[in-house]
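Undergrad: So I've got this file, my_file_30.cif, and it contains mmCIF, C-alpha atoms:
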data_start
#
loop_
_atom_site.group_PDB
_atom_site.id
_atom_site.type_symbol
_atom_site.label_atom_id
_atom_site.label_comp_id
_atom_site.auth_asym_id
_atom_site.auth_seq_id
_atom_site.Cartn_x
_atom_site.Cartn_y
_atom_site.Cartn_z
ATOM 1 C CA MET O 7 -34.032 72.701 19.059
ATOM 2 C CA GLU O 8 -31.612 75.425 18.021
ATOM 3 C CA ALA O 9 -32.513 77.549 15.014
ATOM 4 C CA LEU O 10 -29.169 76.758 13.370
ATOM 5 C CA THR O 11 -29.806 73.027 13.722
ATOM 6 C CA ILE O 12 -33.346 73.401 12.400
ATOM 7 C CA ASP O 13 -32.120 75.408 9.403
ATOM 8 C CA SER O 14 -29.437 72.805 8.761
ATOM 9 C CA ASN O 15 -32.035 70.025 8.883
ATOM 10 C CA ILE O 16 -34.368 71.918 6.560
ATOM 11 C CA ASP O 17 -31.527 72.386 4.064
ATOM 12 C CA ARG O 18 -30.494 68.739 4.302
ATOM 13 C CA LEU O 19 -34.074 67.489 3.922
ATOM 14 C CA THR O 20 -34.759 69.842 1.029
ATOM 15 C CA ARG O 21 -31.612 68.752 -0.827
ATOM 16 C CA ARG O 22 -32.470 65.092 -0.268
ATOM 17 C CA ARG O 23 -36.030 65.686 -1.496
ATOM 18 C CA GLU O 24 -34.665 67.217 -4.716
ATOM 19 C CA GLN O 25 -32.311 64.257 -5.198
ATOM 20 C CA LEU O 26 -35.190 61.829 -4.734
ATOM 21 C CA LEU O 27 -37.408 63.715 -7.174
ATOM 22 C CA THR O 28 -34.627 63.690 -9.772
ATOM 23 C CA THR O 29 -34.112 59.964 -9.259
ATOM 24 C CA LEU O 30 -37.851 59.285 -9.539
ATOM 25 C CA ARG O 31 -38.010 61.181 -12.833
ATOM 26 C CA HIS O 32 -35.107 59.091 -14.096
ATOM 27 C CA LEU O 33 -36.797 55.849 -12.967
ATOM 28 C CA ASP O 34 -40.022 56.906 -14.694
ATOM 29 C CA CYS O 35 -38.079 57.415 -17.930
ATOM 30 C CA GLN O 36 -36.370 54.043 -17.512
ATOM 31 C CA GLN O 37 -39.709 52.337 -16.980
ATOM 32 C CA MET O 38 -41.171 53.945 -20.090
ATOM 33 C CA GLU O 39 -38.174 52.725 -22.089
ATOM 34 C CA VAL O 40 -38.583 49.189 -20.772
ATOM 35 C CA LYS O 41 -42.285 49.159 -21.605
ATOM 36 C CA HIS O 42 -41.698 50.457 -25.130
ATOM 37 C CA ASN O 43 -38.634 48.345 -25.886
ATOM 38 C CA THR O 44 -39.608 45.272 -27.878
ATOM 39 C CA ASP O 45 -36.048 43.964 -28.175
ATOM 40 C CA TRP O 46 -36.065 42.038 -24.888
ATOM 41 C CA VAL O 47 -34.769 38.498 -25.249
ATOM 42 C CA ASP O 48 -37.697 37.224 -23.258
ATOM 43 C CA GLN O 49 -40.734 38.464 -21.400
ATOM 44 C CA ALA O 50 -39.313 37.388 -18.030
ATOM 45 C CA ALA O 51 -36.368 39.783 -18.357
ATOM 46 C CA SER O 52 -38.703 42.646 -19.151
ATOM 47 C CA GLU O 53 -41.007 41.816 -16.234
ATOM 48 C CA SER O 54 -38.032 41.493 -13.899
ATOM 49 C CA ARG O 55 -36.754 44.927 -14.905
ATOM 50 C CA ILE O 56 -40.201 46.485 -14.432
ATOM 51 C CA ALA O 57 -40.536 44.867 -10.999
ATOM 52 C CA LEU O 58 -37.130 46.228 -9.993
ATOM 53 C CA LEU O 59 -38.037 49.731 -11.144
ATOM 54 C CA ASP O 60 -41.405 49.529 -9.354
ATOM 55 C CA GLY O 61 -39.672 48.526 -6.124
ATOM 56 C CA LEU O 62 -37.174 51.348 -6.382
ATOM 57 C CA ARG O 63 -39.911 53.879 -7.115
ATOM 58 C CA HIS O 64 -41.878 52.649 -4.100
ATOM 59 C CA ASP O 65 -38.836 53.006 -1.827
ATOM 60 C CA TYR O 66 -38.053 56.512 -3.069
ATOM 61 C CA ARG O 67 -41.675 57.610 -2.715
ATOM 62 C CA SER O 68 -41.668 56.299 0.873
ATOM 63 C CA ALA O 69 -38.549 58.359 1.559
ATOM 64 C CA LEU O 70 -40.250 61.428 0.072
ATOM 65 C CA THR O 71 -43.226 60.875 2.371
ATOM 66 C CA ARG O 72 -40.936 60.709 5.405
ATOM 67 C CA ILE O 73 -39.190 63.918 4.332
ATOM 68 C CA HIS O 74 -42.525 65.646 3.793
ATOM 69 C CA ARG O 75 -43.654 64.623 7.282
ATOM 70 C CA ALA O 76 -40.383 65.824 8.819
ATOM 71 C CA LEU O 77 -40.734 69.202 7.092
ATOM 72 C CA GLU O 78 -44.321 69.440 8.368
ATOM 73 C CA ARG O 79 -43.115 68.731 11.918
ATOM 74 C CA ILE O 80 -40.523 71.497 11.554
ATOM 75 C CA ALA O 81 -43.179 73.926 10.317
ATOM 76 C CA ASN O 82 -45.444 72.984 13.246
ATOM 77 C CA HIS O 83 -42.579 73.274 15.763
ATOM 78 C CA ARG O 84 -42.769 69.564 16.586
ATOM 79 C CA TYR O 85 -39.508 68.465 14.954
ATOM 80 C CA GLY O 86 -37.049 67.013 17.451
ATOM 81 C CA THR O 87 -39.757 66.022 19.911
ATOM 82 C CA CYS O 88 -40.745 62.421 20.602
ATOM 83 C CA ALA O 89 -44.301 61.761 19.404
ATOM 84 C CA ALA O 90 -44.887 59.295 22.260
ATOM 85 C CA CYS O 91 -43.469 61.097 25.329
ATOM 86 C CA HIS O 92 -43.116 64.643 23.944
ATOM 87 C CA GLU O 93 -39.559 64.903 25.257
ATOM 88 C CA PRO O 94 -36.802 66.476 23.126
ATOM 89 C CA ILE O 95 -34.823 64.100 20.931
ATOM 90 C CA GLU O 96 -31.093 64.811 20.916
#
Output the file's structure as structure tokens, nothing else.

TA:
Amino acid sequence: MEALTIDSNIDRLTRRREQLLTTLRHLDCQQMEVKHNTDWVDQAASESRIALLDGLRHDYRSALTRIHRALERIANHRYGTCAACHEPIE
């Protein structure tokens, strides 16, 4: 894979990682607010909001894991190569 393409992918992955980390911090704050807010009309609304935030946090953490693995493959010169057949991926 060309160095320019690799550098571009590193930049793109790094920017996305920072966006995800910012979003996760925001979701953590939102979850703390929900847990400490006693003004909910009912318990079901509170539990629904917490479940939604948990799901979002799980999805964003999964994306972070995929980015981390991609950056590791770049560092190990395996990025852009199929893990099964070891052929270059266009």

Undergrad: Excluding region 36-44 of chain O and residues on its chain fewer than 5 positions from it, collect all residues at most 7 Å away from it, counting only C-alpha atoms, and give them as a ChimeraX atom specification.

TA: /O:52,56,59

Undergrad: Please, which residues in region 33-96 of chain O fall within 8 Å of region 7-13 of chain O when counting all atoms listed in the file, and what is the closest atom pair and distance in Å to one decimal for each, ordered by chain then residue number, as CSV?

TA:
residue,atom,partner,partner_atom,distance
O:Ile80,CA,O:Ile12,CA,7.5
O:Gly86,CA,O:Met7,CA,6.6
O:Pro94,CA,O:Met7,CA,7.9

Undergrad: Print the selection's residues with C-alpha atoms to a file, as a PDB file, in the frame of the given file.

TA:
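Listing of part_8.pdb after writing:
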ATOM      1  CA  ILE O  80     -40.523  71.497  11.554  1.00  0.00           C
ATOM      2  CA  GLY O  86     -37.049  67.013  17.451  1.00  0.00           C
ATOM      3  CA  PRO O  94     -36.802  66.476  23.126  1.00  0.00           C
TER       4      PRO O  94
END

Undergrad: Could you expand the PyMOL selection byres ((chain O and resi 23-28) around 12) into the explicit residues it covers here, written as a PDB file with C-alpha atoms, keeping the file's coordinate frame?

TA:
ATOM      1  CA  ASN O  15     -32.035  70.025   8.883  1.00  0.00           C
ATOM      2  CA  ILE O  16     -34.368  71.918   6.560  1.00  0.00           C
ATOM      3  CA  ASP O  17     -31.527  72.386   4.064  1.00  0.00           C
ATOM      4  CA  ARG O  18     -30.494  68.739   4.302  1.00  0.00           C
ATOM      5  CA  LEU O  19     -34.074  67.489   3.922  1.00  0.00           C
ATOM      6  CA  THR O  20     -34.759  69.842   1.029  1.00  0.00           C
ATOM      7  CA  ARG O  21     -31.612  68.752  -0.827  1.00  0.00           C
ATOM      8  CA  ARG O  22     -32.470  65.092  -0.268  1.00  0.00           C
ATOM      9  CA  THR O  29     -34.112  59.964  -9.259  1.00  0.00           C
ATOM     10  CA  LEU O  30     -37.851  59.285  -9.539  1.00  0.00           C
ATOM     11  CA  ARG O  31     -38.010  61.181 -12.833  1.00  0.00           C
ATOM     12  CA  HIS O  32     -35.107  59.091 -14.096  1.00  0.00           C
ATOM     13  CA  LEU O  33     -36.797  55.849 -12.967  1.00  0.00           C
ATOM     14  CA  ASP O  34     -40.022  56.906 -14.694  1.00  0.00           C
ATOM     15  CA  CYS O  35     -38.079  57.415 -17.930  1.00  0.00           C
ATOM     16  CA  LEU O  62     -37.174  51.348  -6.382  1.00  0.00           C
ATOM     17  CA  ARG O  63     -39.911  53.879  -7.115  1.00  0.00           C
ATOM     18  CA  HIS O  64     -41.878  52.649  -4.100  1.00  0.00           C
ATOM     19  CA  ASP O  65     -38.836  53.006  -1.827  1.00  0.00           C
ATOM     20  CA  TYR O  66     -38.053  56.512  -3.069  1.00  0.00           C
ATOM     21  CA  ARG O  67     -41.675  57.610  -2.715  1.00  0.00           C
ATOM     22  CA  SER O  68     -41.668  56.299   0.873  1.00  0.00           C
ATOM     23  CA  ALA O  69     -38.549  58.359   1.559  1.00  0.00           C
ATOM     24  CA  LEU O  70     -40.250  61.428   0.072  1.00  0.00           C
ATOM     25  CA  THR O  71     -43.226  60.875   2.371  1.00  0.00           C
ATOM     26  CA  ARG O  72     -40.936  60.709   5.405  1.00  0.00           C
ATOM     27  CA  ILE O  73     -39.190  63.918   4.332  1.00  0.00           C
ATOM     28  CA  HIS O  74     -42.525  65.646   3.793  1.00  0.00           C
ATOM     29  CA  ARG O  75     -43.654  64.623   7.282  1.00  0.00           C
ATOM     30  CA  ALA O  76     -40.383  65.824   8.819  1.00  0.00           C
ATOM     31  CA  LEU O  77     -40.734  69.202   7.092  1.00  0.00           C
TER      32      LEU O  77
END

Undergrad: State, in Å with one decimal place, the distance from CA of Arg84 (chain O) to CA of Ser14 (chain O).

TA: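 Calculated distance between CA of Arg84 (chain O) and CA of Ser14 (chain O) is 15.8 Å.
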
Undergrad: Generate N, CA, C and O atoms for region 27-45 of chain O and emit them as an mmCIF file, in the frame of the given file.

TA:
data_model
loop_
_atom_site.group_PDB
_atom_site.id
_atom_site.type_symbol
_atom_site.label_atom_id
_atom_site.label_comp_id
_atom_site.auth_asym_id
_atom_site.auth_seq_id
_atom_site.Cartn_x
_atom_site.Cartn_y
_atom_site.Cartn_z
ATOM 1 N N LEU O 27 -36.539 63.360 -6.050
ATOM 2 C CA LEU O 27 -37.408 63.715 -7.174
ATOM 3 C C LEU O 27 -36.687 63.527 -8.509
ATOM 4 O O LEU O 27 -37.274 63.020 -9.466
ATOM 5 N N THR O 28 -35.417 63.897 -8.558
ATOM 6 C CA THR O 28 -34.627 63.690 -9.772
ATOM 7 C C THR O 28 -34.511 62.202 -10.087
ATOM 8 O O THR O 28 -34.681 61.780 -11.240
ATOM 9 N N THR O 29 -34.236 61.408 -9.071
ATOM 10 C CA THR O 29 -34.112 59.964 -9.259
ATOM 11 C C THR O 29 -35.433 59.358 -9.710
ATOM 12 O O THR O 29 -35.454 58.503 -10.605
ATOM 13 N N LEU O 30 -36.540 59.803 -9.132
ATOM 14 C CA LEU O 30 -37.851 59.285 -9.539
ATOM 15 C C LEU O 30 -38.156 59.629 -10.996
ATOM 16 O O LEU O 30 -38.687 58.797 -11.730
ATOM 17 N N ARG O 31 -37.803 60.828 -11.414
ATOM 18 C CA ARG O 31 -38.010 61.181 -12.833
ATOM 19 C C ARG O 31 -37.189 60.262 -13.729
ATOM 20 O O ARG O 31 -37.674 59.792 -14.767
ATOM 21 N N HIS O 32 -35.959 59.989 -13.325
ATOM 22 C CA HIS O 32 -35.107 59.091 -14.096
ATOM 23 C C HIS O 32 -35.709 57.681 -14.145
ATOM 24 O O HIS O 32 -35.740 57.043 -15.204
ATOM 25 N N LEU O 33 -36.197 57.188 -13.006
ATOM 26 C CA LEU O 33 -36.797 55.849 -12.967
ATOM 27 C C LEU O 33 -38.053 55.787 -13.826
ATOM 28 O O LEU O 33 -38.305 54.774 -14.488
ATOM 29 N N ASP O 34 -38.833 56.860 -13.837
ATOM 30 C CA ASP O 34 -40.022 56.906 -14.694
ATOM 31 C C ASP O 34 -39.625 56.789 -16.161
ATOM 32 O O ASP O 34 -40.261 56.065 -16.933
ATOM 33 N N CYS O 35 -38.567 57.499 -16.545
ATOM 34 C CA CYS O 35 -38.079 57.415 -17.930
ATOM 35 C C CYS O 35 -37.596 56.001 -18.251
ATOM 36 O O CYS O 35 -37.884 55.468 -19.326
ATOM 37 N N GLN O 36 -36.863 55.402 -17.317
ATOM 38 C CA GLN O 36 -36.370 54.043 -17.512
ATOM 39 C C GLN O 36 -37.534 53.070 -17.688
ATOM 40 O O GLN O 36 -37.490 52.187 -18.543
ATOM 41 N N GLN O 37 -38.573 53.242 -16.886
ATOM 42 C CA GLN O 37 -39.709 52.337 -16.980
ATOM 43 C C GLN O 37 -40.431 52.498 -18.308
ATOM 44 O O GLN O 37 -40.841 51.509 -18.914
ATOM 45 N N MET O 38 -40.539 53.723 -18.789
ATOM 46 C CA MET O 38 -41.171 53.945 -20.090
ATOM 47 C C MET O 38 -40.352 53.277 -21.196
ATOM 48 O O MET O 38 -40.916 52.674 -22.109
ATOM 49 N N GLU O 39 -39.034 53.368 -21.098
ATOM 50 C CA GLU O 39 -38.174 52.725 -22.089
ATOM 51 C C GLU O 39 -38.341 51.215 -22.076
ATOM 52 O O GLU O 39 -38.409 50.578 -23.129
ATOM 53 N N VAL O 40 -38.413 50.642 -20.880
ATOM 54 C CA VAL O 40 -38.583 49.189 -20.772
ATOM 55 C C VAL O 40 -39.909 48.765 -21.391
ATOM 56 O O VAL O 40 -39.978 47.793 -22.132
ATOM 57 N N LYS O 41 -40.960 49.514 -21.094
ATOM 58 C CA LYS O 41 -42.285 49.159 -21.605
ATOM 59 C C LYS O 41 -42.376 49.287 -23.126
ATOM 60 O O LYS O 41 -43.106 48.548 -23.762
ATOM 61 N N HIS O 42 -41.629 50.240 -23.686
ATOM 62 C CA HIS O 42 -41.698 50.457 -25.130
ATOM 63 C C HIS O 42 -40.626 49.700 -25.913
ATOM 64 O O HIS O 42 -40.659 49.674 -27.139
ATOM 65 N N ASN O 43 -39.704 49.090 -25.218
ATOM 66 C CA ASN O 43 -38.634 48.345 -25.886
ATOM 67 C C ASN O 43 -39.128 46.931 -26.206
ATOM 68 O O ASN O 43 -39.457 46.168 -25.315
ATOM 69 N N THR O 44 -39.143 46.600 -27.457
ATOM 70 C CA THR O 44 -39.608 45.272 -27.878
ATOM 71 C C THR O 44 -38.447 44.331 -28.168
ATOM 72 O O THR O 44 -38.653 43.226 -28.655
ATOM 73 N N ASP O 45 -37.240 44.765 -27.866
ATOM 74 C CA ASP O 45 -36.048 43.964 -28.175
ATOM 75 C C ASP O 45 -35.628 43.035 -27.046
ATOM 76 O O ASP O 45 -34.556 42.448 -27.101
#
